[in-house]
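File shown: final.txt. Contents: compact mmCIF, C-alpha atoms.
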```
# COMPACT_ATOMS: atom_id res chain seq x y z
CA MET A 1 -146.40 69.29 186.72
CA SER A 2 -148.44 71.52 188.97
CA GLN A 3 -146.60 73.43 191.70
CA ASP A 4 -149.74 72.96 193.81
CA VAL A 5 -149.22 69.20 193.74
CA LEU A 6 -145.61 69.58 194.79
CA ALA A 7 -146.48 71.97 197.61
CA LYS A 8 -149.30 69.76 198.86
CA LEU A 9 -147.06 66.68 198.67
CA ILE A 10 -144.38 68.33 200.78
CA ASP A 11 -147.08 69.37 203.29
CA VAL A 12 -148.37 65.80 203.47
CA ALA A 13 -144.87 64.36 203.94
CA SER A 14 -143.84 66.90 206.58
CA GLN A 15 -147.00 66.17 208.58
CA HIS A 16 -146.72 62.41 208.08
CA PHE A 17 -143.10 62.22 209.21
CA LYS A 18 -143.42 65.11 211.67
CA VAL A 19 -140.54 67.06 210.18
CA ASP A 20 -140.20 70.81 209.78
CA ARG A 21 -141.75 71.82 206.45
CA THR A 22 -138.97 74.30 205.77
CA THR A 23 -136.34 71.55 205.77
CA LEU A 24 -137.95 69.81 202.81
CA THR A 25 -137.25 70.89 199.24
CA PRO A 26 -138.38 69.52 195.86
CA GLU A 27 -135.00 67.80 195.55
CA THR A 28 -135.04 66.21 199.01
CA ASP A 29 -134.26 62.49 198.70
CA PHE A 30 -136.85 61.18 201.15
CA PHE A 31 -135.20 57.76 201.49
CA LYS A 32 -131.77 59.15 202.33
CA GLU A 33 -132.49 62.46 203.99
CA LEU A 34 -135.58 61.41 205.96
CA GLY A 35 -134.07 57.99 206.61
CA ILE A 36 -137.35 56.21 205.92
CA ASN A 37 -137.57 52.45 205.38
CA SER A 38 -139.84 50.60 202.99
CA PHE A 39 -142.63 50.17 205.60
CA GLN A 40 -142.65 53.93 206.14
CA ALA A 41 -142.56 54.51 202.39
CA LEU A 42 -145.67 52.35 202.04
CA SER A 43 -147.42 54.27 204.78
CA LEU A 44 -146.54 57.54 203.00
CA LEU A 45 -147.93 56.05 199.78
CA SER A 46 -151.22 55.27 201.56
CA GLU A 47 -151.37 58.80 202.91
CA ILE A 48 -150.69 60.31 199.48
CA GLU A 49 -153.36 58.13 197.87
CA LYS A 50 -155.83 59.25 200.52
CA LYS A 51 -154.99 62.96 200.41
CA PHE A 52 -154.95 63.17 196.60
CA SER A 53 -157.81 60.65 196.09
CA ILE A 54 -155.73 58.64 193.63
CA GLU A 55 -154.21 55.18 193.34
CA ILE A 56 -150.51 54.71 192.59
CA PRO A 57 -149.30 51.20 191.78
CA ASP A 58 -146.02 50.54 193.63
CA TYR A 59 -144.12 49.83 190.43
CA GLU A 60 -144.56 53.47 189.36
CA LEU A 61 -142.32 54.39 192.29
CA GLN A 62 -139.29 52.57 190.96
CA GLY A 63 -136.43 55.07 190.76
CA VAL A 64 -138.50 57.75 192.53
CA ASN A 65 -136.49 59.33 195.33
CA THR A 66 -137.30 63.02 195.43
CA PHE A 67 -140.48 65.02 196.00
CA ASN A 68 -140.14 66.44 192.49
CA GLN A 69 -140.18 62.95 190.99
CA LEU A 70 -143.02 61.83 193.23
CA ALA A 71 -145.07 64.92 192.37
CA GLU A 72 -144.68 63.98 188.67
CA VAL A 73 -146.15 60.55 189.36
CA ILE A 74 -149.02 62.05 191.36
CA SER A 75 -149.75 64.64 188.65
CA SER A 76 -150.03 61.92 186.01
CA ARG A 77 -152.67 60.19 188.14
CA ILE A 78 -154.84 63.24 188.76
CA GLY A 79 -157.70 63.24 186.25
CA MET B 1 -145.62 35.44 219.60
CA ILE B 2 -149.41 35.48 220.08
CA LYS B 3 -150.83 37.29 223.09
CA VAL B 4 -154.24 35.94 223.99
CA SER B 5 -156.93 37.69 225.95
CA ARG B 6 -160.45 36.39 226.35
CA ASN B 7 -163.65 36.58 228.25
CA ASP B 8 -166.38 33.94 227.99
CA LYS B 9 -167.41 34.90 224.52
CA ILE B 10 -164.70 36.90 222.78
CA CYS B 11 -161.11 35.78 222.29
CA THR B 12 -158.45 38.14 220.96
CA TRP B 13 -155.18 37.04 219.42
CA THR B 14 -152.59 39.79 219.15
CA LEU B 15 -149.70 38.77 216.90
CA SER B 16 -146.48 40.11 218.41
CA ALA B 17 -143.54 38.48 216.61
CA LYS B 18 -140.87 40.94 215.51
CA PRO B 19 -139.99 42.21 212.99
CA CYS B 20 -143.46 41.93 211.41
CA ASN B 21 -145.12 38.61 212.33
CA GLU B 22 -143.30 36.66 209.61
CA ILE B 23 -144.77 33.14 209.51
CA GLY B 24 -142.02 30.61 210.12
CA LEU B 25 -141.66 27.60 212.40
CA ASP B 26 -142.09 29.51 215.67
CA LEU B 27 -145.26 31.34 214.70
CA THR B 28 -146.60 28.12 213.14
CA LYS B 29 -146.15 26.35 216.49
CA ALA B 30 -147.81 29.25 218.29
CA PHE B 31 -150.81 29.10 215.92
CA GLU B 32 -151.13 25.34 216.47
CA LYS B 33 -151.06 25.79 220.25
CA GLU B 34 -153.63 28.59 220.25
CA ILE B 35 -155.92 26.79 217.81
CA ALA B 36 -155.92 23.72 220.07
CA ALA B 37 -156.79 25.92 223.07
CA LEU B 38 -159.51 27.67 221.08
CA LYS B 39 -161.10 24.42 219.91
CA SER B 40 -161.26 23.03 223.43
CA ASN B 41 -163.15 26.11 224.59
CA LEU B 42 -164.68 27.77 221.56
CA PRO B 43 -165.47 31.47 221.92
CA LYS B 44 -168.34 33.06 220.02
CA VAL B 45 -165.96 35.46 218.28
CA LEU B 46 -162.23 35.40 217.55
CA VAL B 47 -160.51 38.73 216.84
CA VAL B 48 -157.02 38.67 215.29
CA ASN B 49 -154.85 41.78 215.27
CA SER B 50 -151.19 42.76 215.43
CA ALA B 51 -149.18 44.65 218.03
CA ILE B 52 -146.38 45.32 215.54
CA GLU B 53 -146.14 48.93 214.37
CA GLY B 54 -145.22 48.03 210.78
CA GLY B 55 -148.35 46.04 210.13
CA PHE B 56 -150.50 42.94 210.42
CA CYS B 57 -148.07 40.42 208.91
CA ALA B 58 -145.31 40.64 206.30
CA GLY B 59 -145.82 37.05 205.13
CA ALA B 60 -143.79 33.86 205.27
CA ASN B 61 -140.44 33.94 207.03
CA LEU B 62 -138.41 33.85 203.81
CA ARG B 63 -135.07 34.09 205.57
CA GLU B 64 -135.79 30.95 207.57
CA LEU B 65 -137.22 29.16 204.56
CA TYR B 66 -134.14 29.98 202.48
CA GLN B 67 -131.68 28.95 205.19
CA GLU B 68 -133.50 25.64 205.76
CA MET B 69 -133.47 24.93 202.02
CA LEU B 70 -129.72 25.52 201.79
CA LYS B 71 -128.92 23.08 204.60
CA LYS B 72 -130.42 20.01 202.93
CA ASP B 73 -130.34 18.08 199.72
CA LYS B 74 -133.15 18.82 197.31
CA GLU B 75 -135.28 15.77 198.06
CA VAL B 76 -135.17 16.19 201.83
CA ALA B 77 -135.75 19.94 201.54
CA THR B 78 -138.78 19.38 199.32
CA GLU B 79 -140.25 16.83 201.72
CA GLU B 80 -139.75 19.23 204.63
CA LEU B 81 -141.34 22.04 202.65
CA ARG B 82 -144.35 19.81 201.96
CA ARG B 83 -144.69 18.98 205.67
CA PHE B 84 -144.43 22.67 206.59
CA LEU B 85 -147.07 23.60 204.01
CA ASP B 86 -149.35 20.83 205.29
CA ARG B 87 -149.12 22.34 208.77
CA ILE B 88 -149.77 25.86 207.49
CA HIS B 89 -152.72 24.71 205.39
CA LYS B 90 -154.18 22.90 208.39
CA ILE B 91 -153.90 26.12 210.43
CA MET B 92 -155.38 28.27 207.66
CA ASN B 93 -158.19 25.81 206.90
CA THR B 94 -159.06 25.47 210.58
CA LEU B 95 -159.20 29.24 211.03
CA ASP B 96 -161.23 29.56 207.83
CA THR B 97 -163.85 27.05 208.98
CA LEU B 98 -163.98 27.73 212.73
CA PRO B 99 -167.60 27.34 213.80
CA CYS B 100 -167.59 30.84 215.29
CA ALA B 101 -167.27 34.33 213.84
CA THR B 102 -163.75 35.66 213.16
CA ILE B 103 -162.64 39.26 212.65
CA GLY B 104 -159.27 40.48 211.39
CA VAL B 105 -157.98 43.95 212.23
CA VAL B 106 -155.41 44.96 209.64
CA HIS B 107 -153.02 47.89 209.62
CA GLY B 108 -149.84 48.59 207.67
CA VAL B 109 -148.26 45.72 205.78
CA CYS B 110 -150.49 42.74 204.99
CA PHE B 111 -148.33 40.97 202.44
CA GLY B 112 -148.02 37.44 201.06
CA GLY B 113 -148.68 34.91 203.83
CA GLY B 114 -150.09 37.74 205.96
CA PHE B 115 -152.67 38.50 203.29
CA GLU B 116 -153.39 34.76 203.08
CA LEU B 117 -153.94 34.67 206.84
CA ALA B 118 -156.28 37.68 206.66
CA LEU B 119 -158.28 35.98 203.88
CA THR B 120 -159.14 33.09 206.22
CA LEU B 121 -161.02 35.45 208.55
CA ASP B 122 -164.73 36.17 208.13
CA VAL B 123 -164.70 39.96 208.33
CA LEU B 124 -161.80 42.37 207.87
CA VAL B 125 -161.59 45.78 209.47
CA ALA B 126 -158.79 47.74 207.79
CA GLU B 127 -157.15 50.79 209.28
CA SER B 128 -156.44 53.37 206.60
CA SER B 129 -152.70 52.53 206.65
CA ALA B 130 -153.36 48.91 205.58
CA ARG B 131 -151.79 47.69 202.34
CA PHE B 132 -152.47 44.29 200.79
CA CYS B 133 -150.06 42.61 198.39
CA PHE B 134 -149.01 39.30 196.87
CA PRO B 135 -145.34 39.83 195.88
CA GLU B 136 -144.63 36.10 195.37
CA LEU B 137 -144.35 36.11 191.58
CA ARG B 138 -141.41 38.48 191.85
CA LEU B 139 -139.60 35.66 193.67
CA GLY B 140 -140.57 33.12 191.02
CA LEU B 141 -143.39 31.58 193.09
CA ILE B 142 -147.12 31.68 193.59
CA PRO B 143 -148.66 32.18 197.02
CA GLY B 144 -148.47 28.87 198.88
CA PHE B 145 -150.65 29.31 201.96
CA GLY B 146 -153.97 29.25 200.10
CA GLY B 147 -154.01 32.83 198.85
CA ILE B 148 -155.24 32.37 195.30
CA PRO B 149 -158.26 30.10 196.02
CA ARG B 150 -159.28 32.32 198.93
CA LEU B 151 -158.85 35.52 196.91
CA ASN B 152 -160.85 33.85 194.15
CA ARG B 153 -163.66 33.33 196.64
CA GLU B 154 -163.82 37.08 197.31
CA VAL B 155 -163.02 38.95 194.08
CA GLY B 156 -163.00 38.52 190.31
CA ASN B 157 -160.13 36.80 188.54
CA ALA B 158 -159.12 40.00 186.70
CA VAL B 159 -158.28 41.56 190.05
CA ILE B 160 -156.25 38.50 191.03
CA ARG B 161 -154.25 38.66 187.80
CA ASP B 162 -153.58 42.39 188.24
CA LEU B 163 -152.41 41.88 191.82
CA LEU B 164 -150.28 38.81 191.18
CA LEU B 165 -148.81 39.64 187.78
CA THR B 166 -147.62 43.07 188.94
CA GLY B 167 -147.02 42.33 192.64
CA ARG B 168 -148.47 45.75 193.44
CA SER B 169 -150.11 46.60 196.72
CA LEU B 170 -153.65 47.84 197.36
CA ASN B 171 -154.58 50.44 199.92
CA ALA B 172 -157.42 49.97 202.40
CA LYS B 173 -159.95 51.99 200.38
CA LYS B 174 -159.27 50.02 197.20
CA ALA B 175 -159.52 46.75 199.15
CA HIS B 176 -162.87 47.98 200.48
CA ASP B 177 -164.05 48.99 196.99
CA LEU B 178 -163.18 45.47 195.78
CA GLY B 179 -165.10 43.85 198.63
CA LEU B 180 -162.06 42.38 200.37
CA VAL B 181 -162.50 44.51 203.43
CA SER B 182 -165.75 45.24 205.28
CA GLN B 183 -164.87 48.52 206.94
CA VAL B 184 -162.10 51.09 206.64
CA VAL B 185 -161.40 52.96 209.86
CA ALA B 186 -158.93 55.54 211.14
CA ASP B 187 -155.45 54.41 212.12
CA GLY B 188 -155.35 53.13 215.68
CA ARG B 189 -159.13 52.64 215.87
CA GLY B 190 -159.38 49.16 214.35
CA ILE B 191 -159.41 47.12 217.54
CA ASP B 192 -162.09 49.28 219.25
CA ILE B 193 -164.32 49.03 216.21
CA ALA B 194 -163.70 45.28 215.89
CA MET B 195 -164.63 44.78 219.55
CA LYS B 196 -167.93 46.61 219.00
CA MET B 197 -168.55 44.33 216.04
CA ALA B 198 -167.63 41.29 218.15
CA HIS B 199 -170.10 42.35 220.86
CA GLN B 200 -172.83 42.50 218.23
CA MET B 201 -171.84 39.14 216.73
CA GLN B 202 -171.76 37.33 220.09
CA ARG B 203 -175.49 38.02 220.52
CA ILE B 204 -176.29 35.58 217.71
CA ASP B 205 -176.90 31.94 218.61
CA ALA B 206 -173.70 29.87 218.20
CA HIS B 207 -175.42 27.08 216.20
CA VAL B 208 -176.91 29.62 213.81
CA VAL B 209 -173.46 31.18 213.24
CA ALA B 210 -171.81 27.77 212.69
CA ARG B 211 -174.45 26.55 210.20
CA SER B 212 -174.76 29.78 208.25
CA LYS B 213 -170.98 30.25 208.08
CA ALA B 214 -170.49 26.76 206.67
CA PHE B 215 -173.05 27.66 203.99
CA MET B 216 -171.74 31.18 203.25
CA LYS B 217 -168.04 30.38 203.21
CA PRO B 218 -167.27 26.96 201.72
CA LEU B 219 -163.64 25.86 201.74
CA PRO B 220 -162.21 25.54 198.19
CA LEU B 221 -160.31 22.37 199.15
CA LEU B 222 -159.52 21.08 195.67
CA GLU B 223 -158.04 24.43 194.61
CA LEU B 224 -156.11 24.75 197.87
CA ASP B 225 -154.47 21.37 197.26
CA ARG B 226 -153.68 22.28 193.67
CA GLU B 227 -152.09 25.56 194.75
CA LYS B 228 -149.95 23.77 197.34
CA GLN B 229 -148.75 21.24 194.76
CA GLN B 230 -148.01 24.02 192.25
CA PHE B 231 -146.03 25.92 194.89
CA ILE B 232 -143.91 22.86 195.72
CA GLU B 233 -143.18 22.20 192.04
CA MET B 234 -142.23 25.84 191.40
CA PHE B 235 -140.06 25.90 194.50
CA GLN B 236 -137.67 23.38 192.93
CA SER B 237 -136.63 25.91 190.28
CA PRO B 238 -133.10 27.35 190.73
CA SER B 239 -134.55 30.77 189.93
CA VAL B 240 -136.58 30.64 193.16
CA ILE B 241 -133.51 30.06 195.31
CA GLU B 242 -131.84 32.91 193.41
CA GLY B 243 -134.88 35.14 193.95
CA LEU B 244 -134.98 34.33 197.68
CA LYS B 245 -131.25 34.96 198.00
CA LYS B 246 -131.62 38.33 196.33
CA PHE B 247 -134.56 39.31 198.53
CA ILE B 248 -132.82 38.24 201.75
CA GLU B 249 -129.51 39.82 200.90
CA ASN B 250 -131.20 43.05 199.87
CA GLU B 251 -130.09 45.47 202.50
CA GLY B 252 -131.67 48.34 200.66
CA ILE B 253 -134.56 50.27 202.01
CA ARG B 254 -137.06 49.07 199.48
CA PRO B 255 -137.50 45.30 199.75
CA TYR B 256 -141.26 45.72 200.14
CA LEU B 257 -141.64 48.11 197.23
CA ALA B 258 -142.19 46.53 193.83
```
Spell out the structure here as structure tokens.
Amino acid sequence: MSQDVLAKLIDVASQHFKVDRTTLTPETDFFKELGINSFQALSLLSEIEKKFSIEIPDYELQGVNTFNQLAEVISSRIG
Amino acid sequence: MIKVSRNDKICTWTLSAKPCNEIGLDLTKAFEKEIAALKSNLPKVLVVNSAIEGGFCAGANLRELYQEMLKKDKEVATEELRRFLDRIHKIMNTLDTLPCATIGVVHGVCFGGGFELALTLDVLVAESSARFCFPELRLGLIPGFGGIPRLNREVGNAVIRDLLLTGRSLNAKKAHDLGLVSQVVADGRGIDIAMKMAHQMQRIDAHVVARSKAFMKPLPLLELDREKQQFIEMFQSPSVIEGLKKFIENEGIRPYLA
């Protein structure tokens, strides 16, 4: 997995949820630590798809809780 | 439930039922009331949007549906479900065939019955946050408000199978690429852009709109009836009640994620 993807993902999430970038780490559990609900998770998914110009079917997010895991999914979708 | 604003030619319905415009008995009544008002004084354009932050509409009110089913014996519950579906289909079919132009402004969640509602409208403007999904199969059902025949009218069957058999959601761009959505716009800009579109549409003669719309957008009545019947038959399965129970009792943060 590219570190660039991970860094860009954390940038996107910090801007999307308006949280300090320095508080987010690759192991941050965005459901628990950011307290986001499923509507907000879907809006983050839309933002990620837009920013990375990819499409991620929802079912690929099963069991994905951390930025590290999400960056893996994104990396596998980048051509 | 539905805030209405109108001038002579353009009527706007803003869906405002918390948590996310779930379609149950109350919203059904509100639709019936507003449709009657609309038909008695037809505008040239109807614009439908949502004031709810989470999205356009999260679908049928499953909690209400489940609780109503539990209260009654199977035969009575099935008959009530059929009557409810008849009302919903009447609403959807009326919206679909209104002899004036209709525009939907979609943001955030547009799932299940919400997607079915959006598919009745002539033109969809999607804000970039919009996501479209039919999660019904995960509950052991098919869409019951006319979703499959209306989706079939817009896109190829391979797309329908992908959407329904996985229950995945589509973003606004993908929906645009597939031809489901006419325009994708920035978040928060949908209503302004829809109003500009409505101002353009209202310049066209009302009879021309009514005749050409009836030709461009025929109602797939036979398929709609078949879908309704299929839904009612599938609803009798114990696995559906189990699926609904699981969905409703899910206090997790991911009920809308596949």
task: Do me a favour and pick out the residues of chain B within 12 Å of chain A, using only C-alpha atoms, as number ranges by chain.
output: B: 19-20, 52-58, 107-111, 127-133, 135, 138, 162-163, 165-175, 184, 186-187, 250-258
- prompt: If you count only C-alpha atoms, which residues fall within 12 Å of region 215-219 of chain B, apart from same-chain ones fewer than 4 positions away, as a PyMOL selection string?
  reply: chain B and resi 89-90+92-99+101+119-123+146+149-154+208-211+223-225
query: What's the 12 Å shell around Val48 (chain B), counting only C-alpha atoms, without same-chain residues fewer than 5 positions away, as JSON, numbers by chain?
result: {"B": [2, 3, 4, 5, 6, 10, 11, 12, 13, 14, 15, 16, 31, 34, 56, 57, 95, 101, 102, 103, 104, 105, 106, 107, 114, 117, 118, 119, 120, 121, 122, 123, 124, 125, 126, 190, 191, 194, 195, 198]}
query: Quick one, how far is CA of Leu42 (chain B) from CA of Asp8 (chain B)?
result: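 Spanning CA of Leu42 (chain B) to CA of Asp8 (chain B) is a straight-line distance of 9.1 Å.
Here CA of Glu72 (chain A) and CA of Leu9 (chain A) stand 10.6 Å from one another.
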- prompt: CA of Ser182 (chain B) to CA of Leu222 (chain B): how many Å, to one decimal?
  reply: 26.7 Å
Model the absent atoms of region 12-32 of chain A so that N, CA, C and O atoms are present, and write the result as an mmCIF file, in the frame of the given file.
```cif
data_model
loop_
_atom_site.group_PDB
_atom_site.id
_atom_site.type_symbol
_atom_site.label_atom_id
_atom_site.label_comp_id
_atom_site.auth_asym_id
_atom_site.auth_seq_id
_atom_site.Cartn_x
_atom_site.Cartn_y
_atom_site.Cartn_z
ATOM 1 N N VAL A 12 -147.941 67.130 203.008
ATOM 2 C CA VAL A 12 -148.370 65.800 203.470
ATOM 3 C C VAL A 12 -147.196 65.060 204.109
ATOM 4 O O VAL A 12 -147.313 64.496 205.200
ATOM 5 N N ALA A 13 -146.041 65.094 203.432
ATOM 6 C CA ALA A 13 -144.870 64.360 203.940
ATOM 7 C C ALA A 13 -144.372 64.961 205.252
ATOM 8 O O ALA A 13 -144.016 64.225 206.174
ATOM 9 N N SER A 14 -144.358 66.289 205.349
ATOM 10 C CA SER A 14 -143.840 66.900 206.580
ATOM 11 C C SER A 14 -144.752 66.566 207.761
ATOM 12 O O SER A 14 -144.285 66.295 208.861
ATOM 13 N N GLN A 15 -146.078 66.535 207.499
ATOM 14 C CA GLN A 15 -147.000 66.170 208.580
ATOM 15 C C GLN A 15 -146.867 64.677 208.919
ATOM 16 O O GLN A 15 -146.848 64.291 210.083
ATOM 17 N N HIS A 16 -146.763 63.860 207.867
ATOM 18 C CA HIS A 16 -146.720 62.410 208.080
ATOM 19 C C HIS A 16 -145.481 61.999 208.877
ATOM 20 O O HIS A 16 -145.558 61.156 209.758
ATOM 21 N N PHE A 17 -144.347 62.598 208.527
ATOM 22 C CA PHE A 17 -143.100 62.220 209.210
ATOM 23 C C PHE A 17 -142.728 63.184 210.341
ATOM 24 O O PHE A 17 -141.656 63.064 210.931
ATOM 25 N N LYS A 18 -143.629 64.142 210.585
ATOM 26 C CA LYS A 18 -143.420 65.110 211.670
ATOM 27 C C LYS A 18 -142.047 65.784 211.562
ATOM 28 O O LYS A 18 -141.243 65.763 212.500
ATOM 29 N N VAL A 19 -141.785 66.304 210.361
ATOM 30 C CA VAL A 19 -140.540 67.060 210.180
ATOM 31 C C VAL A 19 -140.888 68.486 209.772
ATOM 32 O O VAL A 19 -141.962 68.737 209.192
ATOM 33 N N ASP A 20 -139.992 69.391 210.082
ATOM 34 C CA ASP A 20 -140.200 70.810 209.780
ATOM 35 C C ASP A 20 -140.345 70.985 208.264
ATOM 36 O O ASP A 20 -139.466 70.597 207.490
ATOM 37 N N ARG A 21 -141.441 71.606 207.870
ATOM 38 C CA ARG A 21 -141.750 71.820 206.450
ATOM 39 C C ARG A 21 -140.629 72.550 205.719
ATOM 40 O O ARG A 21 -140.342 72.261 204.557
ATOM 41 N N THR A 22 -139.988 73.466 206.424
ATOM 42 C CA THR A 22 -138.970 74.300 205.770
ATOM 43 C C THR A 22 -137.685 73.527 205.455
ATOM 44 O O THR A 22 -136.836 73.994 204.705
ATOM 45 N N THR A 23 -137.549 72.338 206.047
ATOM 46 C CA THR A 23 -136.340 71.550 205.770
ATOM 47 C C THR A 23 -136.494 70.695 204.510
ATOM 48 O O THR A 23 -135.541 70.065 204.057
ATOM 49 N N LEU A 24 -137.710 70.645 203.991
ATOM 50 C CA LEU A 24 -137.950 69.810 202.810
ATOM 51 C C LEU A 24 -137.983 70.649 201.545
ATOM 52 O O LEU A 24 -138.639 71.696 201.508
ATOM 53 N N THR A 25 -137.276 70.173 200.518
ATOM 54 C CA THR A 25 -137.250 70.890 199.240
ATOM 55 C C THR A 25 -137.686 69.911 198.142
ATOM 56 O O THR A 25 -137.726 68.692 198.376
ATOM 57 N N PRO A 26 -137.987 70.430 196.955
ATOM 58 C CA PRO A 26 -138.380 69.520 195.860
ATOM 59 C C PRO A 26 -137.329 68.459 195.576
ATOM 60 O O PRO A 26 -137.648 67.367 195.118
ATOM 61 N N GLU A 27 -136.066 68.766 195.860
ATOM 62 C CA GLU A 27 -135.000 67.800 195.550
ATOM 63 C C GLU A 27 -134.617 66.928 196.749
ATOM 64 O O GLU A 27 -133.675 66.132 196.668
ATOM 65 N N THR A 28 -135.346 67.056 197.846
ATOM 66 C CA THR A 28 -135.040 66.210 199.010
ATOM 67 C C THR A 28 -135.220 64.743 198.633
ATOM 68 O O THR A 28 -136.259 64.339 198.117
ATOM 69 N N ASP A 29 -134.176 63.945 198.905
ATOM 70 C CA ASP A 29 -134.260 62.490 198.700
ATOM 71 C C ASP A 29 -134.874 61.926 199.977
ATOM 72 O O ASP A 29 -134.225 61.862 201.019
ATOM 73 N N PHE A 30 -136.174 61.543 199.895
ATOM 74 C CA PHE A 30 -136.850 61.180 201.150
ATOM 75 C C PHE A 30 -136.356 59.865 201.734
ATOM 76 O O PHE A 30 -136.514 59.615 202.911
ATOM 77 N N PHE A 31 -135.756 58.994 200.928
ATOM 78 C CA PHE A 31 -135.200 57.760 201.490
ATOM 79 C C PHE A 31 -133.943 58.085 202.301
ATOM 80 O O PHE A 31 -133.809 57.661 203.438
ATOM 81 N N LYS A 32 -133.055 58.867 201.671
ATOM 82 C CA LYS A 32 -131.770 59.150 202.330
ATOM 83 C C LYS A 32 -131.910 60.198 203.423
ATOM 84 O O LYS A 32 -131.494 59.988 204.551
#
```
